[in-house]
Structure formats: structure tokens, C-alpha cells
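Read through the structure below, which is laid out as C-alpha cells, and then see the notes.
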Amino acid sequence: MTVSDVASGPTRTRPRLGDLLVDEKLVTEEQLQEALAEQRVTGERLGRLLVAAGRITEVQLVRVLGRHLGVESVDLEDHVLDPTACRLLRESFTRRYLALPIGWDEKRLVVAMANPADVFALDDVRSMTGHPIKVVIADAAQLQRAFDLVWSFKAEDTMRLASDSAEEQNAEATLPTGKDEVDAPVIQFVNELLSRAVAERASDVHFEPGERELRIRFRVDGVLHDVMSVPNSIRSSVVSRIKIMGEIDIAERRLPQDGRITLALSTGVVDLRVVTLPTTHGEALVIRILDRSSGLFRVEDLGFLPATLQAYRSCYRRPWGAVLVTGPTGSGKTTSLYAALTELNSPDRNIVTVEDPVEYHVAGVKQIQLNRKAGLTFASALRSIVRADPDIVLVGEIRDRETATIAVEAALTGHLVLSTVHTNDAASTPARLLDMGVEPFLVTSALSGVLAQRLVRRLCDRCREPYKPAADELAAAGWDEQLAEDVAAPAFHRAVGCKRCTGSGYLGRFAIHEVMPFTEELAHLVLSRASSDSVRTLAVEQGMTTLRRDGLHKVALGYTSFEELLRVVA
């Protein structure tokens with residue numbers, strides 16, 4: 001049963017569904033008559049016919065059906081489910097009758113249903129929950145997604161089972177030494193926790209041991225949030241399970257270790273990178289989530305301002321040279337490189353990459369996965385690649401002198417080299433290469449340009465609030481007359497918070513950029529080992545838009561707030 005099946009026979013006191021749709025200008029009288037004529041032939045519900053024909057959406061139908069039946073409608077995409085309410089009904093019942101408790105209205109239990117006219121289901125809900133009911137109407141497809149969200153993760157139940165099992169086996173005293181010695185509830189708990197992290201768009205999962213408990217946090221949109229704490233009685237079991245999954249030595253607890261997990265979910269395959277750190281209270285773990293299903297982006301889709309995009313393209317469209325992308329871990333560097341690589345990918349070019357791990361798979365590109373245990377490092381792989389007749393080489397990261405020197409020499413011998421480094425901004429990148437031990441004349445001869453970027457949180461478009469910032473707020477952020485001229489009609493907004501964004505005021509992230517094409521004048525500064533500040537000053541004089549000014553421009557476009565920009569950019 002779906003929302004279009006509700007109340008097939010309108011009573012005399014109710015306006016007809018078709019009349020309501022016409023009154024709200026969702027369909028024309030002619031479109032309504034066409035649908036009624038088809039209904040007489042097929043016997044299908046009127047609402048379903050109009051949705052199938054693309055005249056209205058399911059959400060619009062739900063809202064009008066709510067008026068038709070005299071009940072409120074709810075958009076579950078904009079509603080945070082209350083877990084204390086959701087599980088008052090059995091999963092089988094909720095899926096059978098498309099009815100889900102979603103929250104409370106004073107002392108009444110709010111139940112979202114696809115068919116609020118089903119009095120028998122309502123009676124069952126009242127008797128099963130023991131609460132007075134307030135019924136609202138919701139889209140059937142949204143209800144199905146809500147069921148998946150509610151019933152796909154049962155952390156509290158699993159944690160309780162794991163705790164009971166761990167206490168019985170005295171897990172604190174006996175460290176598990178193999179896969180068979182980790183309790184099944186612990187295995188289930190870890191699997192469901194990781195599934196939840198992927199579902200909630202987390203980029204990292206932190207397991208932090210304390211005196212009495214293991215604290216678990218997710219990093220979502222660049223900000224850490226507490227998820228839960230589990231008792232120390234199962235800490236060793238949880239840590240051991242993750243180390244087993246990552247093929248990490250579970251007997252070694254004194255040294256940091258790295259591992260990798262491939263997790264197959266219903267939404268696709270995700271790669272997890274695991275790092276263990278010995279702390280005073282035990283081993284801490286951080287899991288980095290790399291979602292293969294996110295797909296490749298075009299350069300045009302990365303949020304570049306027109307002038308910055310043109311500058312970036314001018315760097316990587318040269319036949320040879322080194323183009324470096326810099327920024328902190330998790331700032332989207334690889335995404336920007338692969339967007340450029342996708343644009344350059346053609347049958348007449350030989351493209352080879354060496355990465356750790358391979359985050360995106362691209363047809364027509366030879367991609368090499370590092371294997372340090374077998375001796376395959378960035379440097380050793382790069383030596384072989386330059387002898388394999390490449391046109392374009394992508395190096396996942398330049399982190400030492402040997403890799404940097406080989407990459408720079410490859411750029412000098414007719415290859416286009418794309419790679420990443422870790423610096424604070426574009427102007428600091430040449431100095432970083434010099435610190436690694438690369439000769440200044442090699443840097444100045446090989447470098448084509450540097451892209452620096454950061455990720456900032458995007459304002460939730462459901463609740464963001466327009467406002468006029470005070471003069472002191474504008475001055476503190478660095479807003480000036482030149483920016484006011486560049487943005488003719490600024491649309492400043494600030495975060496508010498709603499159910500859709502769980503009260504944060506932000507939903508998703510986007511990048512801010514600065515691109516520094518490497519000119520002859522900049523090369524002279526690097527050869528003289530001038531400071532990064534001097535390099536930055538000259539680059540700005542030559543037209544480089546800094547990270548902050550790029551961000552201020554996007555604040556004026558309403559993408560984010562001053563507060564968020566200043567959190568990310570100094």
C-alpha cells in the first residue's frame with residue numbers, strides 16, 4: 001500500500017483530491033481530466049497516475065493527501081527520528097503497515113503512516129505501544145528509507161550482548177589471539193558500527209580508550225561528534241576485532257601499526273585504513289573511510305571560481321612539468337587531481353599512477369597499489385614507471401627526498417607529474433621541496449603550479465538565514481572594497497540549525513582554493529631561498545586569489561558562513 005492508495009472513496013464532507021490539486025495549481029484542469037480518463041480505463045489510483053506521469057511528486061501528493069484526509073503531512077527527509085519512539089513497534093509490523101513512530105507531541109506518540117485511513121492498523125499501534133496516537137501522513141518511499149535507517153543498526157542491543165559475553169569470559173584478563181576467540185556479538189557490533197559510520201557520511205572513526213570506557217567518535221563534515229561509549233570490559237575485544245580485520249598484529253600493543261580493510265556494504269565497497277596508537281590507557285584506533293562509490297568529479301564540479309579554474313587548468317594542461325596539490329589530510333587533494341586526470345585521459349596518452357591506496361578506478365589508466373612489505377614504495381614504483389614510456393604520472397604523495405627528486409626529474413624529462421604534498425598553502429610548497437633536499441634549480445625548472453585547498457562546511461539550504469553582517473564582523477573576516485566590487489549583490493547567510501542538519505546548521509562540504517602558477521619571477525625568489533611570505537606576496541601581486549579571499553567570495557554567495565570560514569582558514 002502506498003500514499004496514493006489512501007482514502008479511495010472521499011466522503012461528502014471532504015474536498016476531492018483532484019480539486020485540491022487544481023486549487024494548489026499543482027496540475028491543470030486539462031491534466032486532471034486526462035488522468036481521470038485514464039483512471040476509468042485502468043482503475044489505478046488518481047494520485048499514482050499523476051505521479052507516474054510526472055505531473056506531481058510523491059512529496060506534493062503526501063501534502064495534498066494530508067489536507068484531503070484532514071491530517072498533517074511530514075517530510076521524513078527533513079525530520080530527525082527519535083530512537084526512543086521508533087522501536088516501540090516491531091520491525092515486521094512497521095514494514096507491513098508502512099507505519100513508524102517518529103517522535104512525541106507532548107504526551108502523544110507521533111506515528112507516520114502511508115495510509116492514515118487504515119483504522120485497523122491504528123488500533124494495533126495504540127494497543128502495542130500503550131500511548132495515545134497522533135497520526136501524520138508520509139511518503140511510502142521515505143518510510144522505507146526510514147525503516148532501513150532504524151533497523152540497520154542496533155548498537156545498543158549488540159553492545160549489551162557483547163558486554164555480557166565479555167564479562168563472562170573475563171575479556172580484560174585474557175586478550176583474544178585469533179578470529180575464533182572474538183565473540184560473535186562483538187563482531188556484529190563492529191560491523192554494524194562501521195556500517196553506521198558509512199551511512200552517516202563519516203570520514204573517520206575514532207576509538208579512544210579512557211580510564212573506565214572506550215569513547216567512539218565520528219568525524220562528519222570535518223567535525224568530530226560523540227557517538228557512544230562502551231565499557232572497558234569489551235574494549236580489548238573490540239580493538240582486537242578491528243586489528244584482525246585490518247590484518248594487524250594483535251599481540252603488539254606497544255608500537256603504532258597500520259592496516260587496511262575492504263568492507264562490502266549494500267551501498268557499495270568501501271576501503272578502510274586503520275592506524276593504532278599506544279596511549280596511557282591502552283590502544284587508540286583511527287579508521288579512515290574511503291568510499292569507492294562516491295565516483296569521479298569533473299573539474300567544473302569542484303566549486304572553482306572562474307579565474308581560479310582557468311589558472312588550475314593552465315597548470316595541468318602543459319605537456320610537461322609538476323603540478324602539486326597541497327592541503328591537510330582529508331581536504332580533497334586526490335579528488336582534485338583525479339578530476340584533472342579524467343580530463344586529460346585519452347587514448348593517445350599513457351597514464352600511470354602509484355597510490356596508497358587506489359581511491360578511484362579509471363578505465364584506460366594503469367594504477368599501481370603500494371605494497372611496502374614487498375618493497376614496492378613510491379620511490380621504487382616511480383623509478384620503474386619513468387622507464388615505462390609514460391606521458392602522465394600521478395604520484396599519490398611526495399613525502400621524502402627520494403620520491404621528490406625522482407618526481408621532479410621526471411617532470412624535467414618530458415612527463416607531466418601530478419602529486420600531493422602537505423603544506424599550509426601554495427606559497428609554502430617550494431620551500432617544502434627544498435626542505436626535503438631537492439636542489440633549488442630542479443624545483444624552479446620542474447614546477448608548473450601549485451593548488452592549495454581546504455574543505456569548509458556548506459550551510460544547510462533548508463534553514464540558513466539571510467542577514468546583514470555588522471561592519472566589525474566584515475572587517476574581522478577581511479572583507480574589503482575590492483571584494484565588494486567583485487560581488488555585486490552579496491547574499492550573506494548564517495547557520496541556524498534544523499532537523500535535517502541535526503541542529504548544526506551545515507550539511508555537506510565544498511572546497512576553497514588558491515592556485516599559484518609558477519612564473520619566472522617566482523622562480524628567482526625560490527632560487528634565492530626567499531621566505532614563503534615573500535613568495536606569497538609576489539604571487540598575490542601577480543593575481544593569485546588566496547584561500548581566505550576565495551572563501552570570502554563564497555561566503556558572499558551564501559555557500560557558507562564567516563564563522564565556518566574562519567574556523568578553517570587562519
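Identifiers in this document derive from the order of the C-alpha cells: chains are assigned A, B, ..., residues are numbered from 1 separately in each chain, and ligands are numbered from 1 in order of occurrence.
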
- Message: Applying 12 Å and only C-alpha atoms, which residues near range 78-82 of chain A remain after dropping the ones on its own chain fewer than 3 positions away? List them as a VMD selection string.
- Response: chain A and resid 59 73 to 75 85 to 88 100 to 105 109 to 112 138 142 to 143 145 to 147 149 to 150 460 to 463 497 to 503 507

So which residues touch Pro116 in chain A within 9 Å, counting only C-alpha atoms, skipping near sequence neighbours fewer than 5 positions away, as a list in words?
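Using only C-alpha atoms, the neighbours found are Val6, Ala7, Gly66, Leu69, Val71, Ala99, Ala121, Leu122, Val135, Val136 and Ile137 of chain A.
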
* **In range 293-448 of chain A, DSSP alpha helix (DSSP H) residues written as a count of residues only** => 58

Considering only C-alpha atoms, return as a CSV table (one decimal) with N, CA and C atoms, in the first residue's frame whatever protein or nucleic-acid residues lie within 9 Å of His281 in chain A, sequence-local ones (same chain, fewer than 4 positions apart) excluded.
```
chain,number,residue,atom,x,y,z
A,208,GLU,N,38.8,5.8,21.3
A,208,GLU,CA,39.7,6.5,22.3
A,208,GLU,C,39.5,5.9,23.7
A,209,PRO,N,40.5,5.1,24.1
A,209,PRO,CA,40.4,4.5,25.5
A,209,PRO,C,40.6,5.5,26.6
A,210,GLY,N,39.8,5.3,27.6
A,210,GLY,CA,39.9,6.1,28.8
A,210,GLY,C,40.0,5.2,30.0
A,211,GLU,N,39.9,5.8,31.2
A,211,GLU,CA,40.1,5.0,32.4
A,211,GLU,C,39.0,4.0,32.6
```

Work out how far CA of Val299 in chain A is from CA of Leu557 in chain A, in Å to one decimal.
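Here the two named atoms are 19.7 Å from each other.
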
Note to self: Need the shell around Ala311 in chain A: protein/DNA/RNA residues with any atom at most 9 Å away, counting only C-alpha atoms. Skip same-chain ones fewer than 2 positions apart. Format as a PyMOL selection string?
What the structure shows: chain A and resi 306-309+313-315+449+515-517+544

Between CA of Leu394 in chain A and CA of Ser419 in chain A, what is the spacing in Å?
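One can read the CA of Ser419 in chain A to CA of Leu394 in chain A distance as 5.7 Å.
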
Give me the residues within 10 Å of Val555 in chain A as an mmCIF file with all heavy atoms, in the first residue's frame, counting only C-alpha atoms and dropping any in the same chain fewer than 5 places off.
```
data_model
loop_
_atom_site.group_PDB
_atom_site.id
_atom_site.type_symbol
_atom_site.label_atom_id
_atom_site.label_comp_id
_atom_site.auth_asym_id
_atom_site.auth_seq_id
_atom_site.Cartn_x
_atom_site.Cartn_y
_atom_site.Cartn_z
ATOM 1 N N ARG A 458 29.187 23.361 4.207
ATOM 2 C CA ARG A 458 28.187 24.104 3.443
ATOM 3 C C ARG A 458 26.965 24.367 4.322
ATOM 4 O O ARG A 458 26.498 23.481 5.044
ATOM 5 C CB ARG A 458 27.763 23.302 2.201
ATOM 6 C CG ARG A 458 26.791 24.040 1.285
ATOM 7 C CD ARG A 458 26.353 23.137 0.140
ATOM 8 N NE ARG A 458 27.473 22.751 -0.705
ATOM 9 C CZ ARG A 458 27.916 23.482 -1.721
ATOM 10 N NH1 ARG A 458 27.327 24.630 -2.018
ATOM 11 N NH2 ARG A 458 28.939 23.065 -2.450
ATOM 12 N N LEU A 459 26.443 25.587 4.273
ATOM 13 C CA LEU A 459 25.237 25.916 5.021
ATOM 14 C C LEU A 459 24.071 25.059 4.559
ATOM 15 O O LEU A 459 23.902 24.821 3.364
ATOM 16 C CB LEU A 459 24.886 27.394 4.835
ATOM 17 C CG LEU A 459 25.729 28.409 5.618
ATOM 18 C CD1 LEU A 459 25.451 29.817 5.113
ATOM 19 C CD2 LEU A 459 25.438 28.317 7.107
ATOM 20 N N PRO A 490 26.081 40.789 -2.619
ATOM 21 C CA PRO A 490 26.388 39.699 -1.672
ATOM 22 C C PRO A 490 25.142 39.213 -0.953
ATOM 23 O O PRO A 490 24.263 39.988 -0.601
ATOM 24 C CB PRO A 490 27.392 40.335 -0.702
ATOM 25 C CG PRO A 490 27.169 41.810 -0.831
ATOM 26 C CD PRO A 490 26.747 42.044 -2.251
ATOM 27 N N ALA A 491 25.098 37.886 -0.763
ATOM 28 C CA ALA A 491 23.957 37.269 -0.073
ATOM 29 C C ALA A 491 24.488 36.536 1.150
ATOM 30 O O ALA A 491 24.634 35.316 1.142
ATOM 31 C CB ALA A 491 23.227 36.317 -1.016
ATOM 32 N N PHE A 492 24.797 37.289 2.198
ATOM 33 C CA PHE A 492 25.361 36.692 3.403
ATOM 34 C C PHE A 492 24.293 35.904 4.150
ATOM 35 O O PHE A 492 23.155 36.351 4.289
ATOM 36 C CB PHE A 492 25.934 37.782 4.318
ATOM 37 C CG PHE A 492 27.072 38.551 3.719
ATOM 38 C CD1 PHE A 492 26.933 39.894 3.390
ATOM 39 C CD2 PHE A 492 28.280 37.939 3.472
ATOM 40 C CE1 PHE A 492 27.974 40.609 2.831
ATOM 41 C CE2 PHE A 492 29.338 38.637 2.904
ATOM 42 C CZ PHE A 492 29.183 39.977 2.579
ATOM 43 N N HIS A 493 24.694 34.730 4.630
ATOM 44 C CA HIS A 493 23.785 33.889 5.415
ATOM 45 C C HIS A 493 24.539 33.381 6.639
ATOM 46 O O HIS A 493 25.773 33.363 6.676
ATOM 47 C CB HIS A 493 23.295 32.687 4.593
ATOM 48 C CG HIS A 493 22.324 33.046 3.525
ATOM 49 N ND1 HIS A 493 22.704 33.677 2.353
ATOM 50 C CD2 HIS A 493 20.976 32.845 3.421
ATOM 51 C CE1 HIS A 493 21.640 33.856 1.592
ATOM 52 N NE2 HIS A 493 20.589 33.363 2.208
ATOM 53 N N ARG A 494 23.780 32.964 7.636
ATOM 54 C CA ARG A 494 24.384 32.365 8.829
ATOM 55 C C ARG A 494 23.672 31.065 9.172
ATOM 56 O O ARG A 494 22.535 30.822 8.731
ATOM 57 C CB ARG A 494 24.331 33.335 10.000
ATOM 58 C CG ARG A 494 22.954 33.805 10.389
ATOM 59 C CD ARG A 494 23.052 34.912 11.425
ATOM 60 N NE ARG A 494 21.779 35.595 11.643
ATOM 61 C CZ ARG A 494 21.649 36.764 12.240
ATOM 62 N NH1 ARG A 494 22.729 37.388 12.686
ATOM 63 N NH2 ARG A 494 20.469 37.320 12.400
ATOM 64 N N ARG A 549 40.434 34.799 0.553
ATOM 65 C CA ARG A 549 39.625 35.620 -0.360
ATOM 66 C C ARG A 549 38.697 34.746 -1.199
ATOM 67 O O ARG A 549 37.559 35.140 -1.489
ATOM 68 C CB ARG A 549 40.524 36.478 -1.256
ATOM 69 C CG ARG A 549 41.269 37.548 -0.497
ATOM 70 C CD ARG A 549 42.042 38.468 -1.426
ATOM 71 N NE ARG A 549 41.155 39.368 -2.152
ATOM 72 C CZ ARG A 549 40.673 40.513 -1.683
ATOM 73 N NH1 ARG A 549 40.979 40.904 -0.460
ATOM 74 N NH2 ARG A 549 39.897 41.281 -2.418
ATOM 75 N N ASP A 550 39.165 33.569 -1.583
ATOM 76 C CA ASP A 550 38.291 32.640 -2.288
ATOM 77 C C ASP A 550 37.123 32.247 -1.385
ATOM 78 O O ASP A 550 35.963 32.202 -1.815
ATOM 79 C CB ASP A 550 39.077 31.399 -2.709
ATOM 80 C CG ASP A 550 38.273 30.458 -3.584
ATOM 81 O OD1 ASP A 550 38.265 30.650 -4.817
ATOM 82 O OD2 ASP A 550 37.640 29.531 -3.040
ATOM 83 N N THR A 560 28.549 29.402 2.607
ATOM 84 C CA THR A 560 28.953 29.105 3.974
ATOM 85 C C THR A 560 28.929 30.386 4.785
ATOM 86 O O THR A 560 28.510 31.441 4.281
ATOM 87 C CB THR A 560 30.341 28.436 4.014
ATOM 88 O OG1 THR A 560 30.602 27.923 5.321
ATOM 89 C CG2 THR A 560 31.437 29.405 3.614
ATOM 90 N N SER A 561 29.367 30.315 6.020
ATOM 91 C CA SER A 561 29.303 31.469 6.913
ATOM 92 C C SER A 561 30.704 31.987 7.225
ATOM 93 O O SER A 561 31.706 31.292 7.043
ATOM 94 C CB SER A 561 28.599 31.078 8.217
ATOM 95 O OG SER A 561 29.374 30.116 8.917
ATOM 96 N N PHE A 562 30.769 33.239 7.717
ATOM 97 C CA PHE A 562 32.048 33.783 8.163
ATOM 98 C C PHE A 562 32.641 32.911 9.261
ATOM 99 O O PHE A 562 33.842 32.643 9.279
ATOM 100 C CB PHE A 562 31.853 35.210 8.692
ATOM 101 C CG PHE A 562 31.650 36.246 7.627
ATOM 102 C CD1 PHE A 562 30.490 36.979 7.567
ATOM 103 C CD2 PHE A 562 32.635 36.504 6.686
ATOM 104 C CE1 PHE A 562 30.292 37.939 6.594
ATOM 105 C CE2 PHE A 562 32.464 37.458 5.705
ATOM 106 C CZ PHE A 562 31.285 38.183 5.658
ATOM 107 N N GLU A 563 31.815 32.483 10.169
ATOM 108 C CA GLU A 563 32.284 31.674 11.296
ATOM 109 C C GLU A 563 32.956 30.390 10.821
ATOM 110 O O GLU A 563 34.035 30.023 11.300
ATOM 111 C CB GLU A 563 31.108 31.343 12.206
ATOM 112 C CG GLU A 563 31.482 30.507 13.418
ATOM 113 C CD GLU A 563 30.276 30.137 14.264
ATOM 114 O OE1 GLU A 563 29.137 30.220 13.746
ATOM 115 O OE2 GLU A 563 30.465 29.752 15.426
ATOM 116 N N GLU A 564 32.347 29.704 9.870
ATOM 117 C CA GLU A 564 32.920 28.463 9.367
ATOM 118 C C GLU A 564 34.211 28.721 8.604
ATOM 119 O O GLU A 564 35.186 27.973 8.740
ATOM 120 C CB GLU A 564 31.900 27.749 8.475
ATOM 121 C CG GLU A 564 32.445 26.537 7.728
ATOM 122 C CD GLU A 564 32.868 25.393 8.627
ATOM 123 O OE1 GLU A 564 32.602 25.453 9.851
ATOM 124 O OE2 GLU A 564 33.493 24.441 8.118
ATOM 125 N N LEU A 565 34.250 29.782 7.812
ATOM 126 C CA LEU A 565 35.464 30.096 7.056
ATOM 127 C C LEU A 565 36.632 30.370 8.002
ATOM 128 O O LEU A 565 37.742 29.854 7.794
ATOM 129 C CB LEU A 565 35.216 31.306 6.159
ATOM 130 C CG LEU A 565 36.436 31.795 5.356
ATOM 131 C CD1 LEU A 565 36.894 30.734 4.366
ATOM 132 C CD2 LEU A 565 36.126 33.100 4.640
#
```

Q) Using only C-alpha atoms, which residues sit within 8 Å of Leu344 in chain A once same-chain residues fewer than 3 positions away are excluded, as an MDAnalysis selection string? A) chainID A and resid 317 340:341

Save the residues we just selected, C-alpha atoms, as a compact mmCIF listing (two decimals), in the first residue's frame?
```txt
# COMPACT_ATOMS: atom_id res chain seq x y z
CA ARG A 317 47.35 21.28 -19.49
CA ALA A 340 42.28 16.82 -13.81
CA LEU A 341 43.44 13.32 -14.72
```

Quiz prompt | Shell around Val238 in chain A at 7 Å using only C-alpha atoms, local window under 4 positions removed, as a ChimeraX atom specification | solution = /A:186,190,234,242

Practice problem: Provide the CA of Tyr338 in chain A to CA of Ile261 in chain A distance in Å, to one decimal place. | Solution: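 Going from CA of Tyr338 in chain A over to CA of Ile261 in chain A, I get 22.7 Å.
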
Next on the checklist: If you run DSSP on the backbone here, which positions in range 62-132 of chain A get strand (DSSP E or B)? Please write them as a PyMOL selection string.
Outcome noted: chain A and resi 73+99-105+108-113

Could the residues in this selection be written to a file with N, CA, C and O atoms, as a PDB file, in the first residue's frame?
```pdb
ATOM      1  N   SER A  73       0.958  16.426   7.265  1.00  0.00           N
ATOM      2  CA  SER A  73       1.931  15.661   6.474  1.00  0.00           C
ATOM      3  C   SER A  73       3.326  15.939   7.020  1.00  0.00           C
ATOM      4  O   SER A  73       3.570  16.974   7.637  1.00  0.00           O
ATOM      5  N   ALA A  99       4.028   2.003   8.790  1.00  0.00           N
ATOM      6  CA  ALA A  99       3.722   2.873   9.920  1.00  0.00           C
ATOM      7  C   ALA A  99       4.920   2.900  10.857  1.00  0.00           C
ATOM      8  O   ALA A  99       5.415   1.850  11.268  1.00  0.00           O
ATOM      9  N   LEU A 100       5.390   4.094  11.194  1.00  0.00           N
ATOM     10  CA  LEU A 100       6.587   4.211  12.024  1.00  0.00           C
ATOM     11  C   LEU A 100       6.420   5.331  13.043  1.00  0.00           C
ATOM     12  O   LEU A 100       6.166   6.481  12.668  1.00  0.00           O
ATOM     13  N   PRO A 101       6.566   5.046  14.328  1.00  0.00           N
ATOM     14  CA  PRO A 101       6.613   6.123  15.328  1.00  0.00           C
ATOM     15  C   PRO A 101       7.878   6.950  15.108  1.00  0.00           C
ATOM     16  O   PRO A 101       8.974   6.404  15.006  1.00  0.00           O
ATOM     17  N   ILE A 102       7.727   8.268  15.021  1.00  0.00           N
ATOM     18  CA  ILE A 102       8.883   9.112  14.695  1.00  0.00           C
ATOM     19  C   ILE A 102       9.216  10.121  15.783  1.00  0.00           C
ATOM     20  O   ILE A 102      10.246  10.784  15.713  1.00  0.00           O
ATOM     21  N   GLY A 103       8.355  10.273  16.801  1.00  0.00           N
ATOM     22  CA  GLY A 103       8.648  11.247  17.843  1.00  0.00           C
ATOM     23  C   GLY A 103       7.465  11.427  18.771  1.00  0.00           C
ATOM     24  O   GLY A 103       6.539  10.594  18.806  1.00  0.00           O
ATOM     25  N   TRP A 104       7.498  12.523  19.504  1.00  0.00           N
ATOM     26  CA  TRP A 104       6.472  12.795  20.504  1.00  0.00           C
ATOM     27  C   TRP A 104       5.935  14.196  20.336  1.00  0.00           C
ATOM     28  O   TRP A 104       6.672  15.121  20.016  1.00  0.00           O
ATOM     29  N   ASP A 105       4.629  14.351  20.533  1.00  0.00           N
ATOM     30  CA  ASP A 105       3.975  15.653  20.574  1.00  0.00           C
ATOM     31  C   ASP A 105       3.298  15.746  21.930  1.00  0.00           C
ATOM     32  O   ASP A 105       2.176  15.257  22.121  1.00  0.00           O
ATOM     33  N   ARG A 108       1.602  12.569  23.282  1.00  0.00           N
ATOM     34  CA  ARG A 108       1.112  11.720  22.196  1.00  0.00           C
ATOM     35  C   ARG A 108       2.275  11.192  21.361  1.00  0.00           C
ATOM     36  O   ARG A 108       3.232  11.911  21.087  1.00  0.00           O
ATOM     37  N   LEU A 109       2.171   9.945  20.965  1.00  0.00           N
ATOM     38  CA  LEU A 109       3.167   9.325  20.092  1.00  0.00           C
ATOM     39  C   LEU A 109       2.840   9.680  18.650  1.00  0.00           C
ATOM     40  O   LEU A 109       1.735   9.408  18.168  1.00  0.00           O
ATOM     41  N   VAL A 110       3.774  10.314  17.954  1.00  0.00           N
ATOM     42  CA  VAL A 110       3.566  10.704  16.559  1.00  0.00           C
ATOM     43  C   VAL A 110       3.923   9.524  15.666  1.00  0.00           C
ATOM     44  O   VAL A 110       5.061   9.032  15.687  1.00  0.00           O
ATOM     45  N   VAL A 111       2.973   9.065  14.886  1.00  0.00           N
ATOM     46  CA  VAL A 111       3.166   7.905  14.017  1.00  0.00           C
ATOM     47  C   VAL A 111       2.979   8.341  12.567  1.00  0.00           C
ATOM     48  O   VAL A 111       1.916   8.860  12.194  1.00  0.00           O
ATOM     49  N   ALA A 112       4.021   8.146  11.765  1.00  0.00           N
ATOM     50  CA  ALA A 112       3.949   8.457  10.338  1.00  0.00           C
ATOM     51  C   ALA A 112       3.446   7.227   9.592  1.00  0.00           C
ATOM     52  O   ALA A 112       3.968   6.126   9.773  1.00  0.00           O
ATOM     53  N   MET A 113       2.437   7.426   8.749  1.00  0.00           N
ATOM     54  CA  MET A 113       1.840   6.317   8.005  1.00  0.00           C
ATOM     55  C   MET A 113       1.656   6.715   6.546  1.00  0.00           C
ATOM     56  O   MET A 113       1.407   7.875   6.236  1.00  0.00           O
TER      57      MET A 113
END
```
